[in-house]
>>> print(open('start.tsv').read())   # TSV, C-alpha atoms and all ligand atoms
chain	number	residue	atom	x	y	z
A	1	MET	CA	6.53	-14.80	-29.89
A	2	SER	CA	8.05	-11.89	-28.10
A	3	LYS	CA	9.50	-10.85	-24.79
A	4	ALA	CA	7.73	-8.17	-22.80
A	5	ALA	CA	9.42	-5.20	-21.19
A	6	GLU	CA	8.64	-3.18	-18.11
A	7	ILE	CA	8.37	0.54	-18.86
A	8	ASP	CA	9.67	2.83	-16.15
A	9	ILE	CA	8.95	6.55	-16.51
A	10	VAL	CA	11.06	8.48	-14.00
A	11	SER	CA	10.21	12.14	-13.22
A	12	VAL	CA	9.53	12.94	-16.87
A	13	SER	CA	8.48	16.39	-18.10
A	14	LYS	CA	7.69	17.60	-21.60
A	15	ILE	CA	8.05	21.29	-22.28
A	16	TYR	CA	7.09	22.85	-25.62
A	17	GLY	CA	8.27	26.47	-25.52
A	18	ALA	CA	6.03	28.13	-22.94
A	19	THR	CA	3.76	25.08	-22.49
A	20	THR	CA	4.55	22.36	-19.97
A	21	ALA	CA	2.52	19.48	-21.42
A	22	VAL	CA	3.74	16.83	-18.93
A	23	HIS	CA	4.75	17.75	-15.35
A	24	GLU	CA	7.30	15.43	-13.78
A	25	ILE	CA	5.34	12.20	-14.04
A	26	SER	CA	6.58	8.88	-12.67
A	27	LEU	CA	4.98	5.60	-13.64
A	28	LYS	CA	5.99	1.92	-13.70
A	29	ILE	CA	4.15	-0.22	-16.25
A	30	PRO	CA	4.90	-3.88	-15.45
A	31	ALA	CA	5.99	-6.17	-18.31
A	32	GLY	CA	3.07	-7.76	-20.15
A	33	THR	CA	0.53	-5.22	-18.88
A	34	TYR	CA	-2.27	-3.63	-20.92
A	35	CYS	CA	-2.00	0.01	-19.84
A	36	CYS	CA	-4.42	2.74	-20.95
A	37	LEU	CA	-3.49	6.42	-20.73
A	38	LEU	CA	-6.83	8.16	-20.23
A	39	GLY	CA	-7.80	11.80	-19.89
A	40	PRO	CA	-9.43	14.79	-21.55
A	41	SER	CA	-8.06	16.50	-24.63
A	42	GLY	CA	-4.76	18.28	-24.00
A	43	CYS	CA	-3.92	16.45	-20.72
A	44	GLY	CA	-0.59	15.12	-22.08
A	45	LYS	CA	-1.44	11.51	-23.05
A	46	THR	CA	-0.06	11.67	-26.59
A	47	SER	CA	3.07	13.54	-25.51
A	48	THR	CA	3.73	10.81	-22.93
A	49	LEU	CA	3.22	8.03	-25.50
A	50	ARG	CA	5.43	9.78	-28.06
A	51	MET	CA	8.21	10.19	-25.49
A	52	ILE	CA	8.06	6.42	-24.78
A	53	ALA	CA	8.25	5.79	-28.55
A	54	GLY	CA	11.06	8.26	-29.10
A	55	HIS	CA	9.03	10.40	-31.51
A	56	GLU	CA	9.29	13.28	-29.05
A	57	THR	CA	12.34	14.25	-27.00
A	58	ILE	CA	12.14	14.04	-23.20
A	59	SER	CA	12.68	17.53	-21.73
A	60	ILE	CA	13.53	16.33	-18.21
A	61	GLY	CA	13.76	12.83	-16.69
A	62	ASP	CA	14.36	9.33	-18.03
A	63	ILE	CA	12.49	6.42	-19.55
A	64	ARG	CA	13.66	2.83	-19.09
A	65	LEU	CA	12.52	-0.13	-21.13
A	66	GLY	CA	13.45	-3.39	-19.46
A	67	ASN	CA	16.99	-2.85	-18.25
A	68	ALA	CA	17.92	-0.18	-20.80
A	69	VAL	CA	17.63	3.60	-20.45
A	70	VAL	CA	16.10	4.59	-23.81
A	71	THR	CA	15.84	8.36	-23.20
A	72	ASP	CA	18.27	9.25	-25.98
A	73	LEU	CA	17.73	6.26	-28.31
A	74	ALA	CA	16.19	6.54	-31.79
A	75	PRO	CA	12.66	5.03	-32.07
A	76	ALA	CA	13.86	2.00	-34.06
A	77	LYS	CA	16.45	1.15	-31.40
A	78	ARG	CA	14.07	1.06	-28.43
A	79	GLY	CA	12.25	-2.23	-28.85
A	80	THR	CA	8.93	-0.39	-29.14
A	81	ALA	CA	6.55	-0.14	-32.09
A	82	MET	CA	3.89	2.47	-32.60
A	83	MET	CA	0.48	2.17	-34.21
A	84	PHE	CA	-0.92	5.49	-35.30
A	85	GLN	CA	-4.50	6.78	-35.14
A	86	SER	CA	-4.65	7.19	-38.92
A	87	TYR	CA	-2.86	3.83	-39.46
A	88	ALA	CA	-0.43	5.63	-41.84
A	89	LEU	CA	-0.56	2.86	-44.47
A	90	PHE	CA	1.09	3.36	-47.88
A	91	PRO	CA	-1.77	3.53	-50.43
A	92	HIS	CA	0.36	2.39	-53.39
A	93	LEU	CA	1.76	-0.74	-51.73
A	94	ASP	CA	-0.06	-4.06	-51.28
A	95	LEU	CA	-0.51	-5.51	-47.80
A	96	VAL	CA	2.63	-7.65	-47.92
A	97	ASP	CA	4.81	-4.67	-48.82
A	98	ASN	CA	3.05	-2.43	-46.28
A	99	VAL	CA	3.66	-4.93	-43.49
A	100	ALA	CA	7.23	-5.75	-44.64
A	101	PHE	CA	8.22	-2.10	-44.96
A	102	SER	CA	10.21	-1.70	-41.73
A	103	LEU	CA	12.13	-4.94	-42.47
A	104	LYS	CA	13.02	-3.53	-45.91
A	105	MET	CA	14.39	-0.40	-44.19
A	106	LYS	CA	16.50	-2.66	-41.97
A	107	GLY	CA	17.96	-4.39	-45.05
A	108	VAL	CA	16.30	-7.76	-44.52
A	109	ASP	CA	16.29	-9.67	-47.84
A	110	LYS	CA	13.15	-9.92	-49.91
A	111	ASP	CA	12.21	-13.59	-49.38
A	112	GLU	CA	12.69	-13.39	-45.64
A	113	ARG	CA	10.70	-10.19	-45.20
A	114	ARG	CA	7.85	-11.42	-47.42
A	115	ALA	CA	7.67	-14.67	-45.46
A	116	LYS	CA	7.56	-12.79	-42.16
A	117	ALA	CA	4.93	-10.34	-43.49
A	118	LEU	CA	2.76	-13.27	-44.58
A	119	ASP	CA	3.11	-14.76	-41.08
A	120	MET	CA	1.91	-11.50	-39.57
A	121	LEU	CA	-0.98	-11.26	-42.03
A	122	ARG	CA	-1.93	-14.83	-41.09
A	123	LEU	CA	-1.90	-13.87	-37.40
A	124	MET	CA	-4.30	-11.04	-38.22
A	125	GLN	CA	-6.45	-13.30	-40.44
A	126	LEU	CA	-5.68	-11.18	-43.50
A	127	GLU	CA	-3.79	-13.77	-45.53
A	128	ALA	CA	-6.50	-13.85	-48.21
A	129	TYR	CA	-6.03	-10.11	-48.83
A	130	ALA	CA	-2.23	-10.17	-49.06
A	131	ASN	CA	-2.13	-8.69	-52.57
A	132	ARG	CA	-4.74	-5.98	-52.08
A	133	ARG	CA	-4.04	-2.33	-51.44
A	134	PRO	CA	-5.27	-0.59	-48.26
A	135	ALA	CA	-8.13	1.23	-50.05
A	136	GLN	CA	-9.64	-2.16	-50.94
A	137	LEU	CA	-10.12	-3.05	-47.27
A	138	SER	CA	-12.68	-2.20	-44.60
A	139	GLY	CA	-11.76	0.05	-41.66
A	140	GLY	CA	-11.37	-2.90	-39.32
A	141	GLN	CA	-9.13	-4.71	-41.83
A	142	GLN	CA	-6.97	-1.61	-42.30
A	143	GLN	CA	-6.55	-1.44	-38.54
A	144	ARG	CA	-5.37	-5.05	-38.50
A	145	VAL	CA	-2.82	-4.26	-41.26
A	146	ALA	CA	-1.51	-1.39	-39.13
A	147	LEU	CA	-1.20	-3.78	-36.20
A	148	ALA	CA	0.61	-6.37	-38.34
A	149	ARG	CA	3.00	-3.66	-39.53
A	150	ALA	CA	3.78	-2.57	-35.98
A	151	LEU	CA	4.20	-6.11	-34.68
A	152	ILE	CA	6.54	-7.34	-37.46
A	153	THR	CA	9.49	-5.72	-35.68
A	154	ASP	CA	8.90	-8.08	-32.74
A	155	PRO	CA	8.58	-5.25	-30.20
A	156	GLU	CA	8.76	-5.59	-26.44
A	157	ALA	CA	6.08	-2.93	-26.13
A	158	LEU	CA	3.37	-1.82	-28.55
A	159	LEU	CA	2.29	1.83	-28.33
A	160	LEU	CA	-1.17	2.66	-29.68
A	161	ASP	CA	-2.39	6.22	-30.22
A	162	GLU	CA	-6.22	6.23	-30.20
A	163	PRO	CA	-6.23	3.00	-32.26
A	164	LEU	CA	-10.02	2.65	-32.37
A	165	SER	CA	-11.04	6.24	-33.04
A	166	ALA	CA	-11.42	5.85	-36.83
A	167	LEU	CA	-13.89	2.97	-36.49
A	168	ASP	CA	-17.71	3.08	-36.30
A	169	PRO	CA	-19.23	2.25	-32.88
A	170	PHE	CA	-20.05	-1.37	-33.76
A	171	LEU	CA	-16.59	-2.13	-35.16
A	172	LYS	CA	-14.96	-0.27	-32.28
A	173	ILE	CA	-16.37	-2.76	-29.79
A	174	ARG	CA	-15.40	-5.74	-31.95
A	175	MET	CA	-11.84	-4.51	-32.55
A	176	ARG	CA	-11.52	-3.68	-28.85
A	177	ALA	CA	-12.09	-7.35	-28.03
A	178	GLU	CA	-9.55	-8.33	-30.72
A	179	LEU	CA	-6.90	-5.97	-29.29
A	180	LYS	CA	-7.33	-7.47	-25.84
A	181	LYS	CA	-7.10	-11.01	-27.24
A	182	LEU	CA	-3.98	-10.11	-29.20
A	183	GLN	CA	-2.27	-8.56	-26.18
A	184	THR	CA	-3.09	-11.59	-24.06
A	185	SER	CA	-1.78	-14.04	-26.66
A	186	LEU	CA	1.41	-12.07	-27.44
A	187	GLY	CA	2.02	-11.28	-23.77
A	188	ILE	CA	3.85	-8.03	-24.61
A	189	THR	CA	3.29	-4.65	-22.94
A	190	PHE	CA	0.60	-2.48	-24.59
A	191	VAL	CA	0.29	1.26	-23.90
A	192	HIS	CA	-2.92	2.60	-25.43
A	193	VAL	CA	-3.99	6.26	-25.48
A	194	THR	CA	-7.71	6.90	-25.31
A	195	HIS	CA	-10.16	9.54	-24.13
A	196	SER	CA	-12.91	6.93	-23.65
A	197	GLN	CA	-13.53	5.76	-20.08
A	198	GLU	CA	-15.49	2.79	-21.38
A	199	GLU	CA	-12.63	1.70	-23.67
A	200	ALA	CA	-10.07	1.97	-20.86
A	201	MET	CA	-12.28	0.07	-18.40
A	202	ALA	CA	-12.86	-2.72	-20.95
A	203	LEU	CA	-9.20	-3.17	-21.90
A	204	ALA	CA	-6.77	-2.11	-19.23
A	205	ASP	CA	-4.95	-3.90	-16.45
A	206	ILE	CA	-3.82	-0.43	-15.39
A	207	ILE	CA	-5.65	2.82	-16.15
A	208	VAL	CA	-3.52	5.96	-15.88
A	209	ILE	CA	-5.80	8.99	-15.53
A	210	MET	CA	-4.09	12.22	-16.55
A	211	ASN	CA	-5.20	15.79	-15.99
A	212	ASP	CA	-3.29	18.90	-16.96
A	213	GLY	CA	0.00	17.04	-17.52
A	214	ARG	CA	-0.15	15.13	-14.21
A	215	ILE	CA	-1.18	11.64	-13.17
A	216	GLU	CA	-4.26	11.76	-10.93
A	217	GLN	CA	-4.39	7.98	-10.39
A	218	ALA	CA	-2.78	4.84	-11.87
A	219	ALA	CA	-4.52	1.64	-10.84
A	220	HIS	CA	-6.60	-1.35	-11.89
A	221	PRO	CA	-9.95	-0.26	-13.43
A	222	ARG	CA	-11.90	-1.63	-10.48
A	223	THR	CA	-9.79	0.35	-8.01
A	224	VAL	CA	-10.19	3.51	-10.08
A	225	PHE	CA	-13.95	3.06	-10.10
A	226	GLU	CA	-14.44	1.91	-6.52
A	227	ARG	CA	-11.75	4.05	-4.91
A	228	PRO	CA	-11.29	7.15	-7.08
A	229	ALA	CA	-8.28	8.98	-5.66
A	230	THR	CA	-9.42	12.51	-6.48
A	231	ALA	CA	-12.52	14.53	-7.36
A	232	PHE	CA	-11.21	14.78	-10.93
A	233	VAL	CA	-11.06	10.96	-11.25
A	234	ALA	CA	-14.54	10.50	-9.73
A	235	LYS	CA	-16.04	13.09	-12.11
A	236	PHE	CA	-14.12	11.97	-15.18
A	237	MET	CA	-14.95	8.27	-14.73
A	238	GLY	CA	-18.62	9.22	-14.21
A	239	ASP	CA	-21.29	7.43	-12.18
A	240	HIS	CA	-20.25	9.32	-9.05
A	241	ASN	CA	-21.69	12.36	-7.32
A	242	VAL	CA	-18.97	14.65	-6.01
A	243	VAL	CA	-19.99	16.90	-3.11
A	244	SER	CA	-17.61	19.53	-1.71
A	245	GLY	CA	-17.82	21.22	1.65
A	246	ARG	CA	-16.16	22.42	4.84
A	247	VAL	CA	-14.97	19.80	7.33
A	248	THR	CA	-16.90	20.31	10.60
A	249	GLN	CA	-16.01	17.11	12.42
A	250	SER	CA	-13.38	14.46	11.83
A	251	SER	CA	-12.44	11.16	13.43
A	252	ASP	CA	-10.80	7.91	12.25
A	253	ASP	CA	-14.05	6.37	11.09
A	254	GLY	CA	-15.90	9.39	9.80
A	255	LEU	CA	-15.72	12.90	8.53
A	256	MET	CA	-18.62	15.35	8.54
A	257	ILE	CA	-18.64	17.96	5.81
A	258	SER	CA	-21.05	20.87	5.58
A	259	VAL	CA	-22.13	22.20	2.22
A	260	PRO	CA	-22.38	26.04	2.29
A	261	ALA	CA	-26.01	26.91	3.09
A	262	GLY	CA	-26.88	23.23	2.76
A	263	GLY	CA	-26.73	19.84	4.45
A	264	ASP	CA	-24.19	17.90	6.48
A	265	PHE	CA	-22.70	14.76	4.95
A	266	LEU	CA	-20.89	11.93	6.66
A	267	ALA	CA	-18.06	10.25	4.71
A	268	THR	CA	-15.52	7.45	5.12
A	269	PRO	CA	-11.82	8.41	4.95
A	270	THR	CA	-9.89	6.29	2.41
A	271	GLY	CA	-6.32	6.84	3.50
A	272	THR	CA	-5.42	8.67	0.28
A	273	SER	CA	-6.81	11.89	1.70
A	274	ALA	CA	-4.83	14.28	3.83
A	275	LEU	CA	-7.34	16.06	6.04
A	276	SER	CA	-7.79	19.76	5.52
A	277	GLU	CA	-10.43	22.42	6.10
A	278	THR	CA	-12.38	21.52	3.00
A	279	ALA	CA	-13.03	18.14	1.45
A	280	ASP	CA	-14.66	16.42	-1.53
A	281	ILE	CA	-16.64	13.25	-1.15
A	282	ALA	CA	-17.85	10.79	-3.80
A	283	ILE	CA	-21.16	8.93	-3.68
A	284	ARG	CA	-21.85	6.28	-6.34
A	285	THR	CA	-25.01	7.06	-8.32
A	286	ASP	CA	-26.09	3.39	-8.23
A	287	ARG	CA	-25.73	3.12	-4.45
A	288	VAL	CA	-28.34	5.78	-3.65
A	289	ARG	CA	-31.84	4.66	-2.63
A	290	VAL	CA	-35.12	6.52	-2.34
A	291	GLY	CA	-35.95	6.47	1.37
A	292	ALA	CA	-34.99	8.14	4.62
A	293	PRO	CA	-31.39	7.69	5.88
A	294	THR	CA	-30.74	5.57	8.98
A	295	GLU	CA	-28.04	7.94	10.24
A	296	LYS	CA	-27.54	11.71	10.10
A	297	GLY	CA	-25.39	12.72	7.13
A	298	LEU	CA	-26.18	9.72	4.94
A	299	GLY	CA	-28.83	11.32	2.78
A	300	PHE	CA	-30.97	14.38	2.16
A	301	THR	CA	-34.38	15.40	0.87
A	302	GLY	CA	-34.49	17.10	-2.51
A	303	LEU	CA	-36.68	18.00	-5.46
A	304	VAL	CA	-36.65	15.82	-8.58
A	305	SER	CA	-35.63	17.98	-11.56
A	306	ASN	CA	-35.38	15.28	-14.22
A	307	VAL	CA	-36.39	11.66	-14.82
A	308	GLU	CA	-34.70	9.76	-17.64
A	309	TYR	CA	-35.78	6.26	-18.67
A	310	ARG	CA	-32.89	4.07	-19.86
A	311	GLY	CA	-34.45	0.64	-20.21
A	312	ALA	CA	-32.80	-1.45	-17.50
A	313	SER	CA	-32.43	1.60	-15.26
A	314	VAL	CA	-33.92	5.04	-14.60
A	315	LYS	CA	-31.81	8.13	-13.94
A	316	LEU	CA	-33.13	10.74	-11.52
A	317	THR	CA	-31.65	14.21	-11.05
A	318	VAL	CA	-32.32	15.74	-7.65
A	319	ASN	CA	-31.53	19.17	-6.15
A	320	GLY	CA	-31.43	19.83	-2.42
A	321	ALA	CA	-29.28	20.38	0.71
A	322	GLY	CA	-27.07	22.78	-1.22
A	323	VAL	CA	-26.29	20.11	-3.84
A	324	GLU	CA	-27.24	20.55	-7.49
A	325	ASP	CA	-27.78	17.84	-10.08
A	326	PHE	CA	-27.33	14.93	-7.68
A	327	THR	CA	-27.72	11.80	-9.83
A	328	VAL	CA	-29.46	8.62	-8.76
A	329	ILE	CA	-29.53	5.46	-10.89
A	330	LEU	CA	-32.36	3.10	-9.91
A	331	SER	CA	-33.05	-0.27	-11.49
A	332	ASP	CA	-36.24	-0.20	-13.59
A	333	LYS	CA	-37.81	-2.58	-11.06
A	334	GLU	CA	-37.06	-0.30	-8.10
A	335	PHE	CA	-38.28	2.78	-9.95
A	336	PHE	CA	-41.57	1.37	-11.23
A	337	ALA	CA	-42.41	-0.16	-7.82
A	338	ASN	CA	-42.55	3.41	-6.54
A	339	PRO	CA	-42.40	5.91	-9.43
A	340	VAL	CA	-41.58	9.59	-8.85
A	341	LYS	CA	-42.00	12.57	-11.15
A	342	VAL	CA	-40.40	15.96	-11.76
A	343	GLY	CA	-41.24	18.35	-8.88
A	344	ASP	CA	-41.68	15.61	-6.23
A	345	ALA	CA	-39.80	16.06	-2.94
A	346	ILE	CA	-38.08	12.74	-2.16
A	347	PRO	CA	-35.74	11.50	0.58
A	348	LEU	CA	-32.48	9.91	-0.61
A	349	SER	CA	-30.09	7.75	1.39
A	350	TRP	CA	-26.97	5.60	1.12
A	351	GLU	CA	-24.68	3.49	3.29
A	352	ARG	CA	-21.75	4.96	5.17
A	353	ALA	CA	-19.27	2.88	3.12
A	354	ASP	CA	-20.62	4.39	-0.11
A	355	ALA	CA	-19.55	7.98	0.72
A	356	LEU	CA	-15.78	8.24	0.30
A	357	VAL	CA	-13.45	11.11	1.11
A	358	LEU	CA	-11.36	12.01	-1.96
A	359	GLY	CA	-7.74	13.14	-2.03
A	360	ARG	CA	-6.53	16.37	-3.56
A	361	LEU	CA	-3.63	16.71	-5.97
A	362	LYS	CA	-1.38	19.74	-5.61
A	363	HIS	CA	-1.27	21.67	-8.92
A	401	LIG	N1	4.39	20.23	-30.79
A	401	LIG	C1	3.78	20.96	-29.84
A	401	LIG	N2	4.10	22.25	-29.64
A	401	LIG	C2	3.52	22.99	-28.67
A	401	LIG	N3	2.57	22.52	-27.83
A	401	LIG	C3	2.20	21.23	-27.97
A	401	LIG	C4	2.78	20.38	-28.99
A	401	LIG	N4	2.20	19.16	-28.88
A	401	LIG	C5	1.32	19.23	-27.86
A	401	LIG	N5	1.31	20.47	-27.31
A	401	LIG	C6	0.48	20.94	-26.17
A	401	LIG	O1	0.75	20.09	-25.07
A	401	LIG	C7	-0.42	19.77	-24.35
A	401	LIG	C8	-0.63	18.26	-24.30
A	401	LIG	O2	-0.86	17.77	-25.61
A	401	LIG	P1	-1.05	16.22	-25.92
A	401	LIG	O3	-1.21	16.08	-27.39
A	401	LIG	O4	0.01	15.43	-25.27
A	401	LIG	O5	-2.44	15.96	-25.18
A	401	LIG	P2	-3.48	14.77	-25.34
A	401	LIG	O6	-3.93	14.45	-23.96
A	401	LIG	O7	-2.93	13.66	-26.13
A	401	LIG	O8	-4.65	15.47	-26.14
A	401	LIG	P3	-5.65	14.88	-27.31
A	401	LIG	O9	-6.53	13.89	-26.62
A	401	LIG	O10	-6.38	16.11	-27.73
A	401	LIG	O11	-4.78	14.29	-28.37
A	401	LIG	C9	-1.55	20.54	-25.05
A	401	LIG	O12	-1.76	21.74	-24.37
A	401	LIG	C10	-0.99	20.79	-26.43
A	401	LIG	O13	-1.55	21.95	-26.99
>>> encode(input="start.tsv", output="structure tokens")
Amino acid sequence: MSKAAEIDIVSVSKIYGATTAVHEISLKIPAGTYCCLLGPSGCGKTSTLRMIAGHETISIGDIRLGNAVVTDLAPAKRGTAMMFQSYALFPHLDLVDNVAFSLKMKGVDKDERRAKALDMLRLMQLEAYANRRPAQLSGGQQQRVALARALITDPEALLLDEPLSALDPFLKIRMRAELKKLQTSLGITFVHVTHSQEEAMALADIIVIMNDGRIEQAAHPRTVFERPATAFVAKFMGDHNVVSGRVTQSSDDGLMISVPAGGDFLATPTGTSALSETADIAIRTDRVRVGAPTEKGLGFTGLVSNVEYRGASVKLTVNGAGVEDFTVILSDKEFFANPVKVGDAIPLSWERADALVLGRLKH
């Protein structure tokens, strides 16, 4: 139906008075990609999306869409369409008029815009509701109307600001699958703002993790999870233990870090990390086993402070070797073959490849 555009963000900053919301970010989003901007509240995701849309001016830098620099273009001239968190539907108009609205603004004649709106409603499987008003629809249906309204302009890129946040948990998961299917079938570029790691992992070809107005990592979800670039990414994505310490020994295939008044840990450099006096390492919670390590630095003995049953798995929290709240996820089978309880002293271990040295971003 539509052509997709690459989005190229070149050294872009957003400054609101005394607040720098976005600090000189650069990012290339290839044409036809599903990109999720992910990060905690206030990290600059929405400002970035709004600058791509043209709803916010760019303080410094440029944004290109396909071959065109769109930095100073009005939103309607960019080839982008935006879907808002609240859907922003007109309560007094039926679905056809809601969806056809932007074509009416462009001066497209009535028959043509109604025909196109009906096509879009058909695409969203809402044809049967064409004459209803938004209040007569479910949350999921309203979301599909908002999508139809954004897509009627035939955009090269669709920008979505927390599109699933108004939905209940069950519908959220269903609509998430529908968004992915839609993006795949249209083949256009989607940029989707979310603060949910799970949502970003499920949808994205590229996850852009932002922190304090900067990009910590932009990569495929599997890379982000298996090779988190920084301590922030490892902590924010979850399922990793991050241990910080002083570097006491370093070579090409290993780095030893000492935790103040605690243990020594061996870690694998990942290339993203410039070596310095201190370092952070990440250890996946599901890669830790109960048992003595085979090599110095690949485990420690600690006291169990919490045991949480989760059905298919059991989560242990362990303190020791200068590390607090070290998390271990065991399969239910592993745990019940050898159960432990709060207060037990247990040895933990992992493989050398499962302890990674993390990079540090200059702030
Ligand atoms: N119009 C504005 N005027 C002044 N400061 C603003 C304005 N809009 C955003 N900010 C500030 O810029 C920073 C980034 O805001 P932004 O809305 O881009 O973050 P976000 O990651 O989308 O957050 P959330 O997930 O809470 O929506 C915040 O500190 C915010 O307070």
>>> residues_around(input="start.tsv", residues="Val193 (chain A)", least_positions_apart="3", cutoff="7 Å", atoms="all atoms listed in the file", output="MDAnalysis selection string")
chainID A and resid 36:38 45:46 160:162
>>> residues_near_ligand(input="start.tsv", ligand="ligand LIG 401 (chain A)", cutoff="8 Å", atoms="only C-alpha atoms and all ligand atoms", output="VMD selection string")
chain A and resid 15 to 17 19 to 22 38 to 48 193 to 195 210 212 to 213
>>> closest_residue(input="start.tsv", among="A:Ala353, A:Ala148, A:Ala202, A:Ile281", to="Asp253 (chain A)", atoms="only C-alpha atoms")
A:Ala353
>>> closest_residue(input="start.tsv", among="A:Val357, A:Val288, A:Gly320, A:Pro155", to="Glu334 (chain A)", atoms="all atoms listed in the file")
A:Val288
>>> closest_residue(input="start.tsv", among="A:Ser313, A:Ser11, A:Ser349, A:Thr268", to="Arg227 (chain A)", atoms="all atoms listed in the file")
A:Thr268
>>> atom_distance(input="start.tsv", atom1="CA of Thr71 (chain A)", atom2="CA of Ser26 (chain A)")
14.0 Å
>>> closest_residue(input="start.tsv", among="A:Ala261, A:Ala218, A:Met105, A:Ile152", to="Ala81 (chain A)", atoms="all atoms listed in the file")
A:Ile152
>>> closest_residue(input="start.tsv", among="A:Pro91, A:Val340, A:Ser276, A:Gln85", to="His192 (chain A)", atoms="all atoms listed in the file")
A:Gln85
>>> closest_residue(input="start.tsv", among="A:Val145, A:Val318, A:Leu137, A:Val70", to="Arg122 (chain A)", atoms="only C-alpha atoms")
A:Val145
>>> residues_near_point(input="start.tsv", point="(-12.6, 6.7, -13.8)", cutoff="8 Å", atoms="all atoms listed in the file", output="list in words")
Gln197, Ile209, Pro221, Val224, Phe225, Pro228, Val233, Ala234, Lys235, Phe236, Met237 and Gly238 of chain A
>>> atom_distance(input="start.tsv", atom1="CA of Gln143 (chain A)", atom2="CA of Ile52 (chain A)")
21.6 Å
>>> residues_around(input="start.tsv", residues="Ile257 (chain A)", least_positions_apart="4", cutoff="9 Å", atoms="all atoms listed in the file", output="list of chain:residue names")
A:Ser244, A:Gly245, A:Arg246, A:Val247, A:Thr248, A:Gln249, A:Ser250, A:Gly263, A:Asp264, A:Phe265, A:Leu266, A:Ala267, A:Thr278, A:Ala279, A:Asp280, A:Ile281, A:Gly297
>>> residues_near_point(input="start.tsv", point="(-8.1, -5.3, -22.7)", cutoff="8 Å", atoms="all atoms listed in the file", output="PyMOL selection string")
chain A and resi 34+176-177+179-181+183+200+202-205
>>> write_last_selection(input="start.tsv", atoms="C-alpha atoms", output="PDB file, keeping the file's coordinate frame")
ATOM      1  CA  TYR A  34      -2.270  -3.630 -20.920  1.00  0.00           C
ATOM      2  CA  ARG A 176     -11.520  -3.680 -28.850  1.00  0.00           C
ATOM      3  CA  ALA A 177     -12.090  -7.350 -28.030  1.00  0.00           C
ATOM      4  CA  LEU A 179      -6.900  -5.970 -29.290  1.00  0.00           C
ATOM      5  CA  LYS A 180      -7.330  -7.470 -25.840  1.00  0.00           C
ATOM      6  CA  LYS A 181      -7.100 -11.010 -27.240  1.00  0.00           C
ATOM      7  CA  GLN A 183      -2.270  -8.560 -26.180  1.00  0.00           C
ATOM      8  CA  ALA A 200     -10.070   1.970 -20.860  1.00  0.00           C
ATOM      9  CA  ALA A 202     -12.860  -2.720 -20.950  1.00  0.00           C
ATOM     10  CA  LEU A 203      -9.200  -3.170 -21.900  1.00  0.00           C
ATOM     11  CA  ALA A 204      -6.770  -2.110 -19.230  1.00  0.00           C
ATOM     12  CA  ASP A 205      -4.950  -3.900 -16.450  1.00  0.00           C
TER      13      ASP A 205
END
>>> residues_around(input="start.tsv", residues="Arg144 (chain A)", least_positions_apart="4", cutoff="8 Å", atoms="all atoms listed in the file", output="ChimeraX atom specification")
/A:124,126,140,148
>>> residues_around(input="start.tsv", residues="Ala321 (chain A)", least_positions_apart="5", cutoff="8 Å", atoms="all atoms listed in the file", output="NGL selection string")
:A and (259 or 261-263 or 300-302)
>>> write_last_selection(input="start.tsv", atoms="C-alpha atoms", output="short mmCIF file (atom, residue, chain, number, x, y, z; two decimals), in the coordinates of the input")
data_model
loop_
_atom_site.label_atom_id
_atom_site.label_comp_id
_atom_site.auth_asym_id
_atom_site.auth_seq_id
_atom_site.Cartn_x
_atom_site.Cartn_y
_atom_site.Cartn_z
CA VAL A 259 -22.13 22.20 2.22
CA ALA A 261 -26.01 26.91 3.09
CA GLY A 262 -26.88 23.23 2.76
CA GLY A 263 -26.73 19.84 4.45
CA PHE A 300 -30.97 14.38 2.16
CA THR A 301 -34.38 15.40 0.87
CA GLY A 302 -34.49 17.10 -2.51
#
>>> atom_distance(input="start.tsv", atom1="CA of Ala130 (chain A)", atom2="CA of Asp168 (chain A)")
24.0 Å
